[in-house]
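Shown here: input-v3.cif, mmCIF, C-alpha atoms and all ligand atoms.
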```cif
data_entry
#
loop_
_atom_site.group_PDB
_atom_site.id
_atom_site.type_symbol
_atom_site.label_atom_id
_atom_site.label_comp_id
_atom_site.auth_asym_id
_atom_site.auth_seq_id
_atom_site.Cartn_x
_atom_site.Cartn_y
_atom_site.Cartn_z
ATOM 1 C CA MET V 1066 60.186 148.271 184.530
ATOM 2 C CA ALA V 1067 61.980 151.446 183.563
ATOM 3 C CA LYS V 1068 61.234 154.458 185.737
ATOM 4 C CA LEU V 1069 60.805 157.549 183.581
ATOM 5 C CA GLN V 1070 61.949 161.060 184.439
ATOM 6 C CA LEU V 1071 61.255 164.392 182.796
ATOM 7 C CA VAL V 1072 64.274 165.833 180.988
ATOM 8 C CA THR V 1073 64.783 169.544 180.413
ATOM 9 C CA PHE V 1074 66.609 171.775 177.945
ATOM 10 C CA PRO V 1075 69.398 171.356 176.792
ATOM 11 C CA HIS V 1076 69.197 167.575 177.246
ATOM 12 C CA PRO V 1077 70.380 166.011 173.937
ATOM 13 C CA VAL V 1078 67.437 163.585 173.646
ATOM 14 C CA LEU V 1079 65.202 166.649 173.083
ATOM 15 C CA ARG V 1080 67.119 167.149 169.821
ATOM 16 C CA HIS V 1081 66.872 163.510 168.742
ATOM 17 C CA LYS V 1082 64.506 162.719 165.860
ATOM 18 C CA SER V 1083 62.294 159.928 167.187
ATOM 19 C CA LYS V 1084 61.754 156.714 165.213
ATOM 20 C CA PRO V 1085 58.337 155.168 164.395
ATOM 21 C CA ILE V 1086 56.975 152.549 166.790
ATOM 22 C CA MET V 1087 56.656 149.073 165.304
ATOM 23 C CA ARG V 1088 55.333 147.188 168.327
ATOM 24 C CA VAL V 1089 53.240 147.785 171.451
ATOM 25 C CA ASP V 1090 53.686 145.623 174.557
ATOM 26 C CA ALA V 1091 52.759 145.645 178.250
ATOM 27 C CA GLU V 1092 55.830 147.694 179.125
ATOM 28 C CA LEU V 1093 54.804 150.398 176.638
ATOM 29 C CA HIS V 1094 51.384 150.596 178.328
ATOM 30 C CA ASP V 1095 53.208 151.093 181.638
ATOM 31 C CA LEU V 1096 55.504 153.738 180.137
ATOM 32 C CA VAL V 1097 52.488 155.638 178.782
ATOM 33 C CA ASN V 1098 50.843 155.549 182.222
ATOM 34 C CA GLN V 1099 54.014 156.975 183.725
ATOM 35 C CA MET V 1100 54.030 159.701 181.061
ATOM 36 C CA PHE V 1101 50.484 160.758 182.005
ATOM 37 C CA GLU V 1102 51.444 160.883 185.698
ATOM 38 C CA ILE V 1103 54.529 163.009 184.971
ATOM 39 C CA MET V 1104 52.454 165.303 182.737
ATOM 40 C CA TYR V 1105 49.864 165.862 185.493
ATOM 41 C CA ASP V 1106 52.505 166.243 188.236
ATOM 42 C CA PHE V 1107 54.136 169.080 186.291
ATOM 43 C CA ARG V 1108 50.765 170.597 185.293
ATOM 44 C CA GLY V 1109 51.123 169.974 181.577
ATOM 45 C CA VAL V 1110 48.542 169.234 178.878
ATOM 46 C CA GLY V 1111 50.838 167.207 176.618
ATOM 47 C CA LEU V 1112 54.068 165.232 176.869
ATOM 48 C CA ALA V 1113 56.212 163.747 174.103
ATOM 49 C CA ALA V 1114 58.136 160.518 174.653
ATOM 50 C CA ASN V 1115 61.550 162.131 174.171
ATOM 51 C CA GLN V 1116 60.743 164.494 177.070
ATOM 52 C CA VAL V 1117 61.155 161.405 179.253
ATOM 53 C CA ALA V 1118 64.178 160.200 177.234
ATOM 54 C CA LEU V 1119 62.212 157.691 175.126
ATOM 55 C CA PRO V 1120 63.293 158.136 171.475
ATOM 56 C CA ILE V 1121 60.039 156.812 169.987
ATOM 57 C CA ARG V 1122 57.200 158.507 168.049
ATOM 58 C CA LEU V 1123 54.525 158.816 170.689
ATOM 59 C CA PHE V 1124 52.967 161.592 172.730
ATOM 60 C CA VAL V 1125 50.181 161.838 175.294
ATOM 61 C CA ALA V 1126 47.739 164.708 175.784
ATOM 62 C CA ASN V 1127 44.860 165.818 177.944
ATOM 63 C CA PRO V 1128 43.676 169.344 177.065
ATOM 64 C CA SER V 1129 42.035 169.653 180.505
ATOM 65 C CA GLY V 1130 45.350 168.975 182.285
ATOM 66 C CA ASP V 1131 43.207 167.294 184.953
ATOM 67 C CA ARG V 1132 43.982 163.667 185.896
ATOM 68 C CA LYS V 1133 40.324 163.225 186.909
ATOM 69 C CA GLU V 1134 39.189 163.932 183.304
ATOM 70 C CA LYS V 1135 40.238 160.478 182.076
ATOM 71 C CA GLU V 1136 37.927 160.573 179.063
ATOM 72 C CA GLN V 1137 39.992 163.452 177.644
ATOM 73 C CA GLU V 1138 43.243 161.444 177.697
ATOM 74 C CA MET V 1139 44.722 160.721 174.273
ATOM 75 C CA VAL V 1140 47.722 158.691 173.136
ATOM 76 C CA PHE V 1141 49.121 159.433 169.663
ATOM 77 C CA ILE V 1142 51.429 156.792 168.183
ATOM 78 C CA ASN V 1143 53.295 157.583 164.928
ATOM 79 C CA PRO V 1144 51.309 160.806 164.420
ATOM 80 C CA VAL V 1145 51.195 162.614 161.073
ATOM 81 C CA ILE V 1146 49.740 166.062 160.361
ATOM 82 C CA ASN V 1147 48.106 166.982 157.055
ATOM 83 C CA LYS V 1148 46.282 169.943 155.534
ATOM 84 C CA PRO V 1149 47.394 172.685 157.947
ATOM 85 C CA LYS V 1150 45.223 175.779 157.525
ATOM 86 C CA GLY V 1151 45.406 179.340 158.816
ATOM 87 C CA THR V 1152 47.754 180.834 161.396
ATOM 88 C CA VAL V 1153 47.122 181.727 165.009
ATOM 89 C CA GLU V 1154 49.436 183.142 167.678
ATOM 90 C CA ALA V 1155 49.169 182.172 171.353
ATOM 91 C CA GLU V 1156 51.359 181.744 174.412
ATOM 92 C CA GLU V 1157 53.032 178.386 174.957
ATOM 93 C CA GLY V 1158 55.068 176.806 177.680
ATOM 94 C CA CYS V 1159 56.876 173.481 177.810
ATOM 95 C CA LEU V 1160 57.638 171.092 180.665
ATOM 96 C CA SER V 1161 61.176 170.782 179.265
ATOM 97 C CA LEU V 1162 61.602 174.586 179.414
ATOM 98 C CA PRO V 1163 60.432 175.278 182.985
ATOM 99 C CA GLY V 1164 59.537 178.898 183.689
ATOM 100 C CA ILE V 1165 59.695 179.945 180.019
ATOM 101 C CA ASN V 1166 56.676 181.152 178.040
ATOM 102 C CA ALA V 1167 56.389 182.892 174.694
ATOM 103 C CA ASN V 1168 53.924 183.537 171.896
ATOM 104 C CA VAL V 1169 54.190 181.012 169.066
ATOM 105 C CA PHE V 1170 52.528 180.951 165.650
ATOM 106 C CA ARG V 1171 50.786 177.669 164.807
ATOM 107 C CA SER V 1172 48.375 176.432 162.157
ATOM 108 C CA LYS V 1173 44.788 177.109 163.154
ATOM 109 C CA SER V 1174 43.454 173.739 162.045
ATOM 110 C CA LEU V 1175 44.862 170.499 160.663
ATOM 111 C CA GLU V 1176 44.138 166.853 160.055
ATOM 112 C CA VAL V 1177 45.833 164.330 162.295
ATOM 113 C CA ASN V 1178 46.472 160.643 161.701
ATOM 114 C CA ALA V 1179 47.849 158.382 164.410
ATOM 115 C CA TYR V 1180 47.237 155.126 166.295
ATOM 116 C CA ASN V 1181 46.314 154.658 169.917
ATOM 117 C CA LEU V 1182 47.684 151.957 172.254
ATOM 118 C CA GLN V 1183 44.919 149.567 171.155
ATOM 119 C CA GLY V 1184 46.090 149.891 167.537
ATOM 120 C CA MET V 1185 42.989 151.833 166.517
ATOM 121 C CA GLU V 1186 43.417 154.609 164.000
ATOM 122 C CA ILE V 1187 42.845 158.181 165.162
ATOM 123 C CA ALA V 1188 41.993 160.342 162.161
ATOM 124 C CA GLY V 1189 40.182 163.588 161.664
ATOM 125 C CA PRO V 1190 40.136 167.361 161.648
ATOM 126 C CA VAL V 1191 41.344 169.211 164.746
ATOM 127 C CA ASP V 1192 41.386 172.894 165.682
ATOM 128 C CA GLY V 1193 41.658 175.131 168.729
ATOM 129 C CA PHE V 1194 43.770 174.218 171.750
ATOM 130 C CA LEU V 1195 44.123 170.546 170.799
ATOM 131 C CA ALA V 1196 45.525 171.513 167.370
ATOM 132 C CA ARG V 1197 48.160 173.605 169.167
ATOM 133 C CA ILE V 1198 49.041 170.773 171.567
ATOM 134 C CA ILE V 1199 49.411 168.313 168.673
ATOM 135 C CA GLN V 1200 51.729 170.667 166.741
ATOM 136 C CA HIS V 1201 53.847 171.369 169.830
ATOM 137 C CA GLU V 1202 54.210 167.661 170.701
ATOM 138 C CA LEU V 1203 54.820 166.515 167.133
ATOM 139 C CA ASP V 1204 57.642 169.095 166.942
ATOM 140 C CA HIS V 1205 59.235 167.395 169.978
ATOM 141 C CA LEU V 1206 59.282 164.065 168.148
ATOM 142 C CA ASP V 1207 61.286 165.758 165.389
ATOM 143 C CA GLY V 1208 63.714 167.274 167.896
ATOM 144 C CA VAL V 1209 62.145 170.744 167.631
ATOM 145 C CA MET V 1210 61.234 172.932 170.621
ATOM 146 C CA PHE V 1211 58.936 175.958 170.646
ATOM 147 C CA ILE V 1212 61.885 178.331 171.175
ATOM 148 C CA ASP V 1213 63.089 177.287 167.693
ATOM 149 C CA ARG V 1214 59.951 178.850 166.242
ATOM 150 C CA LEU V 1215 60.519 182.294 167.788
ATOM 151 C CA SER V 1216 61.876 185.300 165.949
ATOM 152 C CA GLU V 1217 65.143 186.897 167.078
ATOM 153 C CA GLU V 1218 63.139 189.500 169.009
ATOM 154 C CA GLY V 1219 60.996 186.753 170.507
ATOM 155 C CA ILE V 1220 63.951 184.763 171.825
ATOM 156 C CA ARG V 1221 66.039 187.682 173.128
ATOM 157 C CA PRO V 1222 64.116 188.213 176.413
ATOM 158 C CA LEU V 1223 64.465 184.482 177.187
ATOM 159 C CA GLY V 1224 68.274 184.474 176.977
ATOM 160 C CA GLU V 1225 68.936 184.678 180.698
ATOM 161 C CA ASP V 1226 66.421 181.942 181.592
ATOM 162 C CA LEU V 1227 67.860 179.641 178.914
ATOM 163 C CA THR V 1228 71.371 180.255 180.233
ATOM 164 C CA LYS V 1229 70.176 179.238 183.703
ATOM 165 C CA LEU V 1230 68.801 175.972 182.330
ATOM 166 C CA VAL V 1231 72.103 175.284 180.545
ATOM 167 C CA ARG V 1232 73.962 175.910 183.798
ATOM 168 C CA ARG V 1233 71.637 173.561 185.681
ATOM 169 C CA PHE V 1234 72.154 170.890 183.022
ATOM 170 C CA ASP V 1235 75.954 171.260 183.227
ATOM 171 C CA GLU V 1236 75.757 170.863 187.011
ATOM 172 C CA GLY V 1237 73.660 167.720 186.556
ATOM 173 C CA ARG V 1238 76.326 166.364 184.219
ATOM 174 C CA ASN V 1239 79.132 167.207 186.636
ATOM 175 C CA THR V 1240 77.403 165.526 189.576
ATOM 176 C CA GLY V 1241 76.554 162.458 187.491
ATOM 177 C CA ASN V 1242 72.769 162.959 187.792
ATOM 178 C CA ILE V 1243 72.508 163.296 184.016
ATOM 179 C CA PRO V 1244 74.039 160.490 181.922
ATOM 180 C CA SER V 1245 76.973 161.205 179.602
ATOM 181 C CA ASP V 1246 76.464 161.453 175.812
ATOM 182 C CA GLN V 1247 77.911 157.936 175.493
ATOM 183 C CA GLN V 1248 75.450 156.488 178.061
ATOM 184 C CA LEU V 1249 72.574 158.346 176.423
ATOM 185 C CA SER V 1250 73.309 156.997 172.969
ATOM 186 C CA GLU V 1251 73.404 153.481 174.430
ATOM 187 C CA GLN V 1252 70.011 154.057 176.087
ATOM 188 C CA ILE V 1253 68.550 155.475 172.867
ATOM 189 C CA ALA V 1254 69.836 152.473 170.897
ATOM 190 C CA MET V 1255 68.304 150.112 173.487
ATOM 191 C CA TRP V 1256 64.837 151.685 173.219
ATOM 192 C CA GLU V 1257 64.986 151.861 169.418
ATOM 193 C CA LYS V 1258 65.939 148.193 169.240
ATOM 194 C CA LYS V 1259 62.987 147.349 171.453
ATOM 195 C CA TYR V 1260 60.200 149.393 169.826
ATOM 196 C CA CYS V 1261 61.325 150.576 166.365
HETATM 197 ZN ZN ZN Z 1 57.047 170.854 175.098
#
```

How does the structure come out when it is put into structure tokens?
Amino acid sequence: MAKLQLVTFPHPVLRHKSKPIMRVDAELHDLVNQMFEIMYDFRGVGLAANQVALPIRLFVANPSGDRKEKEQEMVFINPVINKPKGTVEAEEGCLSLPGINANVFRSKSLEVNAYNLQGMEIAGPVDGFLARIIQHELDHLDGVMFIDRLSEEGIRPLGEDLTKLVRRFDEGRNTGNIPSDQQLSEQIAMWEKKYC
């Protein structure tokens, strides 16, 4: 079984537009379990598949961020958002942008449609914190990060921290800890062939 690892900005898979999932198998169940563990380990409330280098349309969430609150765990496969309403600003962070926080505007409420791992449809109105998580994670699946939604003034104070992350990524590339672009595109093609 593949062992997943969190990837951070500016890893190219974070800019990859994920493809819809056409099949669910035992390995995907295992991958989702690993995603929850990684999310809890890094104290997150949501994690998109491409944050662990899986180029498929799936994210996990638990608004409590607490691994003991199992009943709050949600898996969204091929999610779609409709009827966004209102605007609300609040601070966000991202496991792929460690140490970086900023205020982001999001829709206040929306309707979400998705499937869970059992193939059951998830559909209904959402607002509050969960609506924010869903918008943040769905952005990831389209290769969008929350820093892309900031104004010029919003992004300016983050410049130094982003540069540090770029430097860390370059070091990872130089030491061979992060795969080359060629290796990554082969991995992406392998996962897409398997699930899309
Ligand atoms: Zn994120």

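If you measure from each of V:Ala1167, V:Pro1085, V:Leu1069, V:Gln1116 to V:Glu1218 using all atoms listed in the file, the closest one turns out to be V:Ala1167.
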
Surroundings of ligand ZN 1 (chain Z) up to 7 Å, based on all atoms listed in the file, as a ChimeraX atom specification: /V:1112,1158-1161,1201-1202,1205,1210

With C-alpha atoms kept, could you save the residues just selected as a PDB file, in the coordinates of the input?
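Contents of out-v1.pdb, as written:
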```pdb
ATOM      1  CA  LEU V1112      54.068 165.232 176.869  1.00  0.00           C
ATOM      2  CA  GLY V1158      55.068 176.806 177.680  1.00  0.00           C
ATOM      3  CA  CYS V1159      56.876 173.481 177.810  1.00  0.00           C
ATOM      4  CA  LEU V1160      57.638 171.092 180.665  1.00  0.00           C
ATOM      5  CA  SER V1161      61.176 170.782 179.265  1.00  0.00           C
ATOM      6  CA  HIS V1201      53.847 171.369 169.830  1.00  0.00           C
ATOM      7  CA  GLU V1202      54.210 167.661 170.701  1.00  0.00           C
ATOM      8  CA  HIS V1205      59.235 167.395 169.978  1.00  0.00           C
ATOM      9  CA  MET V1210      61.234 172.932 170.621  1.00  0.00           C
TER      10      MET V1210
END
```

Residues returned when the PyMOL selection byres (((chain V and resi 1253) around 10) and not hetatm) runs on this file, as a list of chain:residue names: V:Val1078, V:His1081, V:Ser1083, V:Asn1115, V:Ala1118, V:Leu1119, V:Pro1120, V:Ile1121, V:Gln1248, V:Leu1249, V:Ser1250, V:Glu1251, V:Gln1252, V:Ala1254, V:Met1255, V:Trp1256, V:Glu1257, V:Lys1258, V:Lys1259

Give me the residues within 7 Å of stretch 1131-1147 of chain V as a compact mmCIF listing (two decimals) with C-alpha atoms, in the frame of the given file, counting all atoms listed in the file and dropping any in the same chain fewer than 2 places off.
```txt
# COMPACT_ATOMS: atom_id res chain seq x y z
CA PRO V 1085 58.34 155.17 164.40
CA ILE V 1086 56.98 152.55 166.79
CA TYR V 1105 49.86 165.86 185.49
CA ARG V 1122 57.20 158.51 168.05
CA LEU V 1123 54.52 158.82 170.69
CA PHE V 1124 52.97 161.59 172.73
CA VAL V 1125 50.18 161.84 175.29
CA ALA V 1126 47.74 164.71 175.78
CA ASN V 1127 44.86 165.82 177.94
CA PRO V 1128 43.68 169.34 177.06
CA SER V 1129 42.04 169.65 180.50
CA PRO V 1149 47.39 172.68 157.95
CA LEU V 1175 44.86 170.50 160.66
CA GLU V 1176 44.14 166.85 160.06
CA VAL V 1177 45.83 164.33 162.29
CA ASN V 1178 46.47 160.64 161.70
CA ALA V 1179 47.85 158.38 164.41
CA TYR V 1180 47.24 155.13 166.30
CA ASN V 1181 46.31 154.66 169.92
CA LEU V 1182 47.68 151.96 172.25
```

Selection result for the PyMOL selection byres (((chain V and resi 1169-1173) around 6) and not hetatm) on this file, as a list in words: Pro1149, Lys1150, Gly1151, Thr1152, Val1153, Glu1154, Ala1155, Asn1168, Ser1174 and Asp1192 of chain V

Because the input lacks atoms here, generate N, CA, C and O atoms for stretch 1160-1172 of chain V and report them as a short mmCIF file (atom, residue, chain, number, x, y, z; two decimals), keeping the file's coordinate frame.
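Saved result, rebuild-v8.cif, follows:
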```
data_model
loop_
_atom_site.label_atom_id
_atom_site.label_comp_id
_atom_site.auth_asym_id
_atom_site.auth_seq_id
_atom_site.Cartn_x
_atom_site.Cartn_y
_atom_site.Cartn_z
N LEU V 1160 57.12 171.68 179.43
CA LEU V 1160 57.64 171.09 180.66
C LEU V 1160 59.16 170.95 180.61
O LEU V 1160 59.80 170.91 181.65
N SER V 1161 59.72 170.90 179.40
CA SER V 1161 61.18 170.78 179.26
C SER V 1161 61.86 172.14 179.23
O SER V 1161 63.09 172.21 179.09
N LEU V 1162 61.06 173.22 179.33
CA LEU V 1162 61.60 174.59 179.41
C LEU V 1162 60.92 175.28 180.60
O LEU V 1162 60.15 176.23 180.42
N PRO V 1163 61.18 174.77 181.82
CA PRO V 1163 60.43 175.28 182.98
C PRO V 1163 60.61 176.78 183.16
O PRO V 1163 61.71 177.30 183.04
N GLY V 1164 59.50 177.46 183.41
CA GLY V 1164 59.54 178.90 183.69
C GLY V 1164 59.61 179.77 182.45
O GLY V 1164 59.71 180.99 182.55
N ILE V 1165 59.56 179.16 181.26
CA ILE V 1165 59.70 179.94 180.02
C ILE V 1165 58.39 179.89 179.22
O ILE V 1165 57.85 178.82 178.97
N ASN V 1166 57.89 181.07 178.86
CA ASN V 1166 56.68 181.15 178.04
C ASN V 1166 56.91 182.16 176.93
O ASN V 1166 57.62 183.14 177.13
N ALA V 1167 56.29 181.92 175.79
CA ALA V 1167 56.39 182.89 174.69
C ALA V 1167 55.25 182.64 173.71
O ALA V 1167 54.69 181.55 173.66
N ASN V 1168 54.94 183.67 172.94
CA ASN V 1168 53.92 183.54 171.90
C ASN V 1168 54.50 182.81 170.69
O ASN V 1168 55.60 183.13 170.23
N VAL V 1169 53.73 181.83 170.19
CA VAL V 1169 54.19 181.01 169.07
C VAL V 1169 53.08 180.98 168.02
O VAL V 1169 51.90 180.86 168.35
N PHE V 1170 53.48 181.10 166.75
CA PHE V 1170 52.53 180.95 165.65
C PHE V 1170 52.35 179.47 165.33
O PHE V 1170 53.32 178.73 165.20
N ARG V 1171 51.09 179.05 165.20
CA ARG V 1171 50.79 177.67 164.81
C ARG V 1171 49.68 177.69 163.77
O ARG V 1171 48.92 178.67 163.68
N SER V 1172 49.52 176.56 163.06
CA SER V 1172 48.38 176.43 162.16
C SER V 1172 47.11 176.41 163.01
O SER V 1172 47.08 175.85 164.10
#
```
